Structure formats: C-alpha cells, structure tokens
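J.: Shown below is the structure under consideration.
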Amino acid sequence: MSKTASKLEAIDLNAYYGDFHALKNINIDMEEKAVTAFIGPSGCGKSTFLRTFNRMNDYIEGFRVEGQILIGGQDIYQKNVRVDELRKEVGMVFQKPNPFPKSIYENVVYGLKIQGIKKKSVLEEAAETSLKRAALWDEVKDKLHKSALALSGGQQQRLCIARALAISPSVLLMDEPASALDPISTAKVEELIYELKNDYTIVIVTHNMQQAGRVSDSTAFFYMGELVEYAKTKTMFTSPKDNRTQNYITGRFG
Amino acid sequence: MPHIDTELERLKTKLLEMWDLVEYQLQSGREAMLNADQELAKHIIKRDRKVNQFDVKIDRMCEKFFALFTPVAVDLRMVLAVLKINANLERIGDTAEGIARFSKKLEAPVDPQLLEVTKVLPMYEEALAMFATCRQAFKENDTVLAKTLIKRDKALDKIYRKSDSIVTTYMRDNPDKISEALAVLSIIKKVERVGDQITNIAEEIIFYREAKVVKHKSDKKKKKD
C-alpha cells in the first residue's frame, strides 16, 4: 500500500539546460491526494518541471536548478537526499509503455527485488495488490509468468503503472501516459488515475485538453518556461483568467 | 480564420438571421393589432413555422459543434449562450404568433382611447427597440449595451402592472368593448413576457463575454457587478 500521499511544492524554482533558461520562477503548491495536470505547448517546460520532482533531469549534462522542490515539506535537492530513496517515494510512468523484457510478474516485483526483498510470499502479495490497483489483475492473473511484451499497449501501460505502485510511492508522475494508447485503453488508464488519487498525489503531463478536463482536479498552464496560470480545472476550462491560457485551450495559439 | 472560428461565425450568422425573422414577426404583430389586419395576422401565424425551423436548425448546429469541437472556455460559453438565446428567440416568435391570434379576433381597429390609456403602443415600441438593441449587443459583443436592457425592462413591467386596473375601469365604462379590451390586456401580458425574454438573452450575452452569471441576482448585486 502507499504511504501517506504528499503535498508537492515548488518555491522560486528556476531550471537551466546550460544557458537555456527552461523554467522561470515557478511557484506552485499542489494538493495531496489530487490530480494536477500540466498543459502547454511542446517545449514550454512542463516535462522538465515534472521531472524535477524525481530528479530525473540530474542525468542531463548542463542541467541545474535553483530554488526549492518540496515533497511533503522536504526539499529534495538538498545534498543529504538520496536519489534512490527519493524514487521510492515518487513513481513515474512514461509516454510509451516500457516494460522490461521479462515476465509480467518480474516486471511488477522488479523494484522490490532491487531493494533486497526476496521473500516469495511478500513479492507475490505485492504483485497481486499492485496489479489489482492498476486494474490489470483479472486480465493477467493466469499468465503472470508470460512475457510482458506479449501484452497489448494498453495492458503494458497499466503494467508500468503497477510496477510504479509496487514500491509504494506517495507520488505518481505521469508523462503523457495515454498518448500512445487507443481510446479504450485511454479510458481505462484515466479511470485508473481517477481511482488512484484516493491514495496518491498524481501529476500528469498531457497534450489532450479533454483528458486534463476529465482526470484532473487542478490544471497548470505553462508557456515558454513560465507558469502562466494555475487553477481548479473546472475554472480553467470554463473561464481562464489569462488570454494565453484561453488561446491555448481553445486551440488558437500562435 | 481557424476552422473553429468559421463554424462559430456560421452559428452566429444563423442566429442573427433568426433574430431578423423574429423581429419581423413582432413588428407585423404590432401592425396586425393596430389595424385589426386579419390577413396579416394569418401570415404571422403561418410564418411561425419558419421560426421553429430555425430553432431546430440552430439546436442541431450546436449539438454538432459540441460533438465535433468539444469547446471550452469562451467557445463553450458562446455555444451555451447561443442555445439559450435560440430558445428565447423561439419563445418570442411564439409570443408574436400569440399576438397575431388575438389580433385575428379583433373585428375593428382598436379604440384609440383604449390604446391611449393602456399605453400598449409605447410599451410595444419599447419592446421592439429593446429587441433591436439586444441584437446589436450580441452582434458586437457589447455587454455594456446588454446591461442597459436589464434596466429598460423595468418600464415594461411598470405598464404591465398597471394594466389590470386600467382595463377593468375601461371595461366598466365601455361594456360594449369587453372582448376588445381583453384582447389588448392579453397582448400587454405577452409584450411583458417579450421584455423578460430579452432580459434573459441580455444575461446570456453577459455570461458569454464576461463569464459572469447575472440571472436570478437581486438588482443590488447586479449593480455591484
């Protein structure tokens, strides 16, 4: 099961790729046990921002951040923070399903195994719980030891969500989790996000406005590295304050 | 122009066409009443079918727009407003038809004294003027103009409120003209409804442009906004 869902905050956050100023003075406060959607045109900084919450950008040469990213009140860019420990708190799901070329079961318990957990009963229970939470259990329970690559795209994505859940994170980051899926699989993933927010703090990057509208409680609109507007999703999609937001969500940008 | 704007423009144009037709119906209703013109009254009643056709057509256009464009923000408010304005225009069209039906019953032009005491003519003129102003407010996205209509409706209400006692007195004094007086009273009631419907439309224009809900608010609050 998940730990207590954490609140996410950014305070005066600036991020750079070398000379390029990718995120400019971002201040945001995201509720726990809620879904926040990041929207904005390509290159606006939303994925960069998402990745600051599990320090995925650390691997990129020339990347640096100023300011603070707080998860449950703790600044995750402090020197004493261990990135592997952080990743146990913050799970991530990517645009394209990326299961390991292993069995379904091995995929789900992978994170636990590298944490050193060996007891079969613990692993089996975690696999079942995670697959159930990811709404995949009924479809795969009879073929847990078959290759994950034999699953459909939608099933693979839910497997990746199960894999992220297995390590009991408190935060789930999703970078366009349904953009490579058909409408039925998309609906399943969206339904899942809706269920999961009861226990996790979820941030989702999406290019699909209707998806942001359907799954998120709050929406943040980014443009050219700035956080232009952040509001309740229902407000954002009915009466946005900023003209740039209005132009973007109504498809009249540029 | 982006595709979505072309479609919204088409919707707006169609609604304005309907607006013109309903305006013509209202004006004709006034003529039919004044002159007890039964032929004209029949035409108005027949032409209401065209208003209804517009109503159905605009509803369908909105439905398609929702399905194909899934509008948000100002676009969403525009289509919601068009749907409601359409319904109100259709009702005003029905009112014009109703006025024609009362006019059809008139055997001779209405007694000028009755017209004078009830103020039905200036009331009708004001309703027509408000209707035209409302069209302009919608066409030009002018919410300041739309807000003036909410105030102007008060004048119609005032005439309406006094009409019962005025017509009663008139009937007492002119017992031979009771049916005529009743017809005029019914027309006054209908014109008062037109004023309310124009107010509804004005409120929709404000909602569409300013994302503010002004309907069902007290006058004090409306002023504050």
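Ligands are numbered from 1 in the order shown, residues from 1 within each chain, and chains are lettered A, B, ... in the order they appear in the structure tokens.
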Applying 12 Å and only C-alpha atoms, which residues near region 235-241 of chain A remain after dropping the ones on its own chain fewer than 2 positions away? List them as JSON, numbers by chain.
T.: {"A": [37, 38, 39, 209, 210, 211, 212, 213, 214, 216, 217, 218, 219, 220, 221, 228, 229, 230, 231, 232, 233, 243, 244, 245, 246, 247, 248, 249, 250], "B": [70, 71, 72, 73, 74, 75, 76, 77, 78, 80, 207, 208, 209, 210, 211, 212, 213]}
J.: Mind writing the picked residues with C-alpha atoms as a PDB file, in the first residue's frame?
T.:
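Output file part_25.pdb is given in full below:
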ATOM      1  CA  ALA A  37      -2.470  18.316 -14.911  1.00  0.00           C
ATOM      2  CA  PHE A  38       0.364  20.192 -16.615  1.00  0.00           C
ATOM      3  CA  ILE A  39      -0.564  21.534 -20.013  1.00  0.00           C
ATOM      4  CA  MET A 209      -7.165  19.014 -23.204  1.00  0.00           C
ATOM      5  CA  GLN A 210     -10.199  16.804 -22.744  1.00  0.00           C
ATOM      6  CA  GLN A 211      -8.094  14.351 -20.788  1.00  0.00           C
ATOM      7  CA  ALA A 212      -6.875  17.109 -18.484  1.00  0.00           C
ATOM      8  CA  GLY A 213     -10.504  18.109 -18.048  1.00  0.00           C
ATOM      9  CA  ARG A 214     -11.627  14.572 -17.291  1.00  0.00           C
ATOM     10  CA  SER A 216      -7.505  16.399 -13.053  1.00  0.00           C
ATOM     11  CA  ASP A 217      -8.620  18.482 -10.099  1.00  0.00           C
ATOM     12  CA  SER A 218      -6.271  21.351 -10.872  1.00  0.00           C
ATOM     13  CA  THR A 219      -4.533  22.409 -14.046  1.00  0.00           C
ATOM     14  CA  ALA A 220      -1.330  24.347 -14.556  1.00  0.00           C
ATOM     15  CA  PHE A 221      -0.651  26.010 -17.892  1.00  0.00           C
ATOM     16  CA  VAL A 228       1.056  31.259 -16.682  1.00  0.00           C
ATOM     17  CA  GLU A 229      -1.995  30.098 -14.817  1.00  0.00           C
ATOM     18  CA  TYR A 230      -2.800  27.549 -12.151  1.00  0.00           C
ATOM     19  CA  ALA A 231      -6.383  26.979 -11.096  1.00  0.00           C
ATOM     20  CA  LYS A 232      -9.076  24.416 -10.452  1.00  0.00           C
ATOM     21  CA  THR A 233      -9.595  22.503 -13.678  1.00  0.00           C
ATOM     22  CA  ASN A 243      -5.570  35.301 -22.520  1.00  0.00           C
ATOM     23  CA  ARG A 244      -2.663  32.986 -23.305  1.00  0.00           C
ATOM     24  CA  THR A 245      -4.418  30.183 -21.429  1.00  0.00           C
ATOM     25  CA  GLN A 246      -7.650  30.854 -23.262  1.00  0.00           C
ATOM     26  CA  ASN A 247      -5.899  30.856 -26.630  1.00  0.00           C
ATOM     27  CA  TYR A 248      -4.107  27.624 -25.838  1.00  0.00           C
ATOM     28  CA  ILE A 249      -7.032  25.610 -24.518  1.00  0.00           C
ATOM     29  CA  THR A 250      -9.310  26.769 -27.325  1.00  0.00           C
TER      30      THR A 250
ATOM     31  CA  THR B  70     -15.629  19.826 -27.670  1.00  0.00           C
ATOM     32  CA  PRO B  71     -15.403  23.558 -26.968  1.00  0.00           C
ATOM     33  CA  VAL B  72     -14.013  25.044 -23.753  1.00  0.00           C
ATOM     34  CA  ALA B  73     -13.851  28.486 -22.130  1.00  0.00           C
ATOM     35  CA  VAL B  74     -15.165  31.341 -24.302  1.00  0.00           C
ATOM     36  CA  ASP B  75     -16.154  28.948 -27.115  1.00  0.00           C
ATOM     37  CA  LEU B  76     -18.124  26.790 -24.712  1.00  0.00           C
ATOM     38  CA  ARG B  77     -19.870  29.805 -23.244  1.00  0.00           C
ATOM     39  CA  MET B  78     -20.666  31.075 -26.730  1.00  0.00           C
ATOM     40  CA  LEU B  80     -24.224  27.571 -24.446  1.00  0.00           C
ATOM     41  CA  PHE B 207     -22.336  35.270 -19.462  1.00  0.00           C
ATOM     42  CA  TYR B 208     -20.763  34.552 -22.842  1.00  0.00           C
ATOM     43  CA  ARG B 209     -18.490  37.595 -22.879  1.00  0.00           C
ATOM     44  CA  GLU B 210     -17.651  38.062 -19.213  1.00  0.00           C
ATOM     45  CA  ALA B 211     -18.106  34.568 -17.739  1.00  0.00           C
ATOM     46  CA  LYS B 212     -20.436  36.131 -15.168  1.00  0.00           C
ATOM     47  CA  VAL B 213     -23.795  34.762 -14.172  1.00  0.00           C
TER      48      VAL B 213
END
J.: Identify all residues of region 62-251 of chain A in strand (DSSP E or B) (DSSP on the backbone) and supply them as a PyMOL selection string.
T.: chain A and resi 63-71+74-75+90-93+103+147+171-175+201-205+218-223+226-232
J.: Only C-alpha atoms, please: the residues just picked out, written as a PDB file, in the first residue's frame.
T.:
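Writing the result to out.pdb gives the following:
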ATOM      1  CA  PHE A  63      21.147  20.835 -16.143  1.00  0.00           C
ATOM      2  CA  ARG A  64      20.864  22.756 -12.919  1.00  0.00           C
ATOM      3  CA  VAL A  65      18.108  24.023 -10.661  1.00  0.00           C
ATOM      4  CA  GLU A  66      17.767  26.945  -8.309  1.00  0.00           C
ATOM      5  CA  GLY A  67      15.036  27.267  -5.727  1.00  0.00           C
ATOM      6  CA  GLN A  68      13.234  24.535  -3.913  1.00  0.00           C
ATOM      7  CA  ILE A  69      11.182  21.465  -4.710  1.00  0.00           C
ATOM      8  CA  LEU A  70       9.385  20.204  -1.637  1.00  0.00           C
ATOM      9  CA  ILE A  71       7.727  16.828  -1.289  1.00  0.00           C
ATOM     10  CA  GLN A  74      11.177  18.184   2.404  1.00  0.00           C
ATOM     11  CA  ASP A  75      13.494  19.844  -0.098  1.00  0.00           C
ATOM     12  CA  VAL A  90       7.988   9.126  -6.406  1.00  0.00           C
ATOM     13  CA  GLY A  91       6.917   6.683  -9.084  1.00  0.00           C
ATOM     14  CA  MET A  92       6.908   7.571 -12.741  1.00  0.00           C
ATOM     15  CA  VAL A  93       5.053   6.421 -15.831  1.00  0.00           C
ATOM     16  CA  SER A 103       7.627 -11.799 -17.302  1.00  0.00           C
ATOM     17  CA  SER A 147       6.393 -12.205 -21.250  1.00  0.00           C
ATOM     18  CA  VAL A 171       3.578  10.470  -5.536  1.00  0.00           C
ATOM     19  CA  LEU A 172       2.933   9.326  -9.089  1.00  0.00           C
ATOM     20  CA  LEU A 173       4.303  11.315 -12.017  1.00  0.00           C
ATOM     21  CA  MET A 174       2.823  10.583 -15.423  1.00  0.00           C
ATOM     22  CA  ASP A 175       4.292  11.988 -18.605  1.00  0.00           C
ATOM     23  CA  THR A 201      -0.656  12.615  -5.258  1.00  0.00           C
ATOM     24  CA  ILE A 202      -0.664  12.480  -9.041  1.00  0.00           C
ATOM     25  CA  VAL A 203       0.820  14.838 -11.581  1.00  0.00           C
ATOM     26  CA  ILE A 204       0.073  14.242 -15.223  1.00  0.00           C
ATOM     27  CA  VAL A 205       1.522  15.926 -18.281  1.00  0.00           C
ATOM     28  CA  SER A 218      -6.271  21.351 -10.872  1.00  0.00           C
ATOM     29  CA  THR A 219      -4.533  22.409 -14.046  1.00  0.00           C
ATOM     30  CA  ALA A 220      -1.330  24.347 -14.556  1.00  0.00           C
ATOM     31  CA  PHE A 221      -0.651  26.010 -17.892  1.00  0.00           C
ATOM     32  CA  PHE A 222       2.984  26.521 -18.844  1.00  0.00           C
ATOM     33  CA  TYR A 223       4.277  28.693 -21.627  1.00  0.00           C
ATOM     34  CA  GLU A 226       6.619  30.242 -17.165  1.00  0.00           C
ATOM     35  CA  LEU A 227       3.699  29.040 -15.118  1.00  0.00           C
ATOM     36  CA  VAL A 228       1.056  31.259 -16.682  1.00  0.00           C
ATOM     37  CA  GLU A 229      -1.995  30.098 -14.817  1.00  0.00           C
ATOM     38  CA  TYR A 230      -2.800  27.549 -12.151  1.00  0.00           C
ATOM     39  CA  ALA A 231      -6.383  26.979 -11.096  1.00  0.00           C
ATOM     40  CA  LYS A 232      -9.076  24.416 -10.452  1.00  0.00           C
TER      41      LYS A 232
END
J.: Assign secondary structure with DSSP using the backbone only, and return the residues of region 88-150 of chain A in helix (DSSP H, G or I) as an MDAnalysis selection string.
T.: chainID A and resid 88:89 104:114 120:133 137:140 148:150
J.: Could you save the residues just selected, with C-alpha atoms, as a PDB file, in the first residue's frame?
T.:
ATOM      1  CA  LYS A  88      10.798   5.005  -3.795  1.00  0.00           C
ATOM      2  CA  GLU A  89       8.565   7.916  -2.904  1.00  0.00           C
ATOM      3  CA  ILE A 104       4.650  -9.792 -16.080  1.00  0.00           C
ATOM      4  CA  TYR A 105       5.401 -10.889 -12.538  1.00  0.00           C
ATOM      5  CA  GLU A 106       9.091  -9.989 -12.750  1.00  0.00           C
ATOM      6  CA  ASN A 107       8.202  -6.554 -14.061  1.00  0.00           C
ATOM      7  CA  VAL A 108       5.979  -5.761 -11.110  1.00  0.00           C
ATOM      8  CA  VAL A 109       8.355  -7.007  -8.420  1.00  0.00           C
ATOM      9  CA  TYR A 110      11.489  -5.617 -10.053  1.00  0.00           C
ATOM     10  CA  GLY A 111      11.707  -2.551  -7.808  1.00  0.00           C
ATOM     11  CA  LEU A 112      11.147  -4.588  -4.678  1.00  0.00           C
ATOM     12  CA  LYS A 113      13.805  -7.106  -5.663  1.00  0.00           C
ATOM     13  CA  ILE A 114      16.448  -4.430  -6.182  1.00  0.00           C
ATOM     14  CA  LYS A 120       8.393 -15.034  -2.195  1.00  0.00           C
ATOM     15  CA  SER A 121       5.168 -14.518  -0.266  1.00  0.00           C
ATOM     16  CA  VAL A 122       5.871 -10.793   0.120  1.00  0.00           C
ATOM     17  CA  LEU A 123       6.684 -10.407  -3.560  1.00  0.00           C
ATOM     18  CA  GLU A 124       3.641 -12.387  -4.660  1.00  0.00           C
ATOM     19  CA  GLU A 125       1.342 -10.373  -2.473  1.00  0.00           C
ATOM     20  CA  ALA A 126       2.833  -7.110  -3.716  1.00  0.00           C
ATOM     21  CA  ALA A 127       2.438  -8.256  -7.325  1.00  0.00           C
ATOM     22  CA  GLU A 128      -1.208  -9.134  -6.827  1.00  0.00           C
ATOM     23  CA  THR A 129      -2.013  -5.940  -4.929  1.00  0.00           C
ATOM     24  CA  SER A 130      -0.261  -3.737  -7.450  1.00  0.00           C
ATOM     25  CA  LEU A 131      -1.840  -5.436 -10.441  1.00  0.00           C
ATOM     26  CA  LYS A 132      -5.240  -5.116  -8.826  1.00  0.00           C
ATOM     27  CA  ARG A 133      -4.666  -1.443  -8.111  1.00  0.00           C
ATOM     28  CA  TRP A 137      -5.089  -8.367 -12.356  1.00  0.00           C
ATOM     29  CA  ASP A 138      -8.143 -10.023 -13.901  1.00  0.00           C
ATOM     30  CA  GLU A 139      -6.611  -9.863 -17.350  1.00  0.00           C
ATOM     31  CA  VAL A 140      -3.199 -11.305 -16.415  1.00  0.00           C
ATOM     32  CA  ALA A 148       5.166  -8.687 -20.547  1.00  0.00           C
ATOM     33  CA  LEU A 149       5.925  -7.855 -24.149  1.00  0.00           C
ATOM     34  CA  ALA A 150       3.055 -10.096 -25.260  1.00  0.00           C
TER      35      ALA A 150
END
J.: For Glu125 (chain B), please output as a JSON list (two decimals) with C-alpha atoms, in the first residue's frame all residues within 12 Å (counting only C-alpha atoms; exclusion window: fewer than 5 positions along the same chain).
T.:
[["chain", "number", "residue", "atom", "x", "y", "z"],
["B", 23, "GLU", "CA", -38.13, 40.93, -35.24],
["B", 26, "LEU", "CA", -43.01, 41.16, -33.73],
["B", 27, "GLN", "CA", -43.30, 44.24, -35.94],
["B", 29, "GLY", "CA", -47.83, 41.67, -34.81],
["B", 30, "ARG", "CA", -47.94, 45.33, -33.91],
["B", 31, "GLU", "CA", -49.38, 46.23, -37.34],
["B", 119, "LYS", "CA", -50.01, 52.62, -23.10],
["B", 120, "VAL", "CA", -49.83, 49.41, -25.10],
["B", 130, "MET", "CA", -35.04, 46.67, -26.87],
["B", 131, "PHE", "CA", -35.16, 43.67, -29.17],
["B", 132, "ALA", "CA", -33.12, 45.53, -31.81],
["B", 155, "ALA", "CA", -40.50, 50.26, -17.78],
["B", 156, "LEU", "CA", -42.42, 47.43, -19.45],
["B", 188, "ILE", "CA", -49.88, 43.62, -22.89],
["B", 191, "VAL", "CA", -45.29, 42.10, -24.57],
["B", 192, "GLU", "CA", -44.28, 42.00, -20.91],
["B", 194, "VAL", "CA", -41.08, 39.60, -24.50],
["B", 195, "GLY", "CA", -39.30, 42.06, -22.19]]
J.: What's the 8 Å shell around Glu176 (chain A), counting only C-alpha atoms, without same-chain residues fewer than 3 positions away, as a PyMOL selection string?
T.: chain A and resi 94-95+179+204-207
J.: Let's have the selection written as an mmCIF file, in the first residue's frame, with C-alpha atoms.
T.:
data_model
loop_
_atom_site.group_PDB
_atom_site.id
_atom_site.type_symbol
_atom_site.label_atom_id
_atom_site.label_comp_id
_atom_site.auth_asym_id
_atom_site.auth_seq_id
_atom_site.Cartn_x
_atom_site.Cartn_y
_atom_site.Cartn_z
ATOM 1 C CA PHE A 94 6.166 7.453 -19.285
ATOM 2 C CA GLN A 95 4.553 8.179 -22.614
ATOM 3 C CA SER A 179 -0.891 9.402 -25.669
ATOM 4 C CA ILE A 204 0.073 14.242 -15.223
ATOM 5 C CA VAL A 205 1.522 15.926 -18.281
ATOM 6 C CA THR A 206 -0.894 15.807 -21.155
ATOM 7 C CA HIS A 207 -1.437 17.339 -24.576
#
J.: Which residue, A:Ala5, A:Ala15, A:Cys44, A:Cys160, has the smallest gap to Gly62 (chain A) when you use only C-alpha atoms?
T.: A:Ala15
J.: Env of Ile85 (chain B): 9 Å cut, atoms = only C-alpha atoms, seq-sep filter 4 positions within chain, self excluded. Answer as an NGL selection string.
T.: :B and (15 or 80-81 or 89-90 or 197-198 or 200-202 or 204-205)
J.: What is the CA of Pro183 (chain A) to CA of Asn98 (chain A) distance in Å?
T.: 19.2 Å
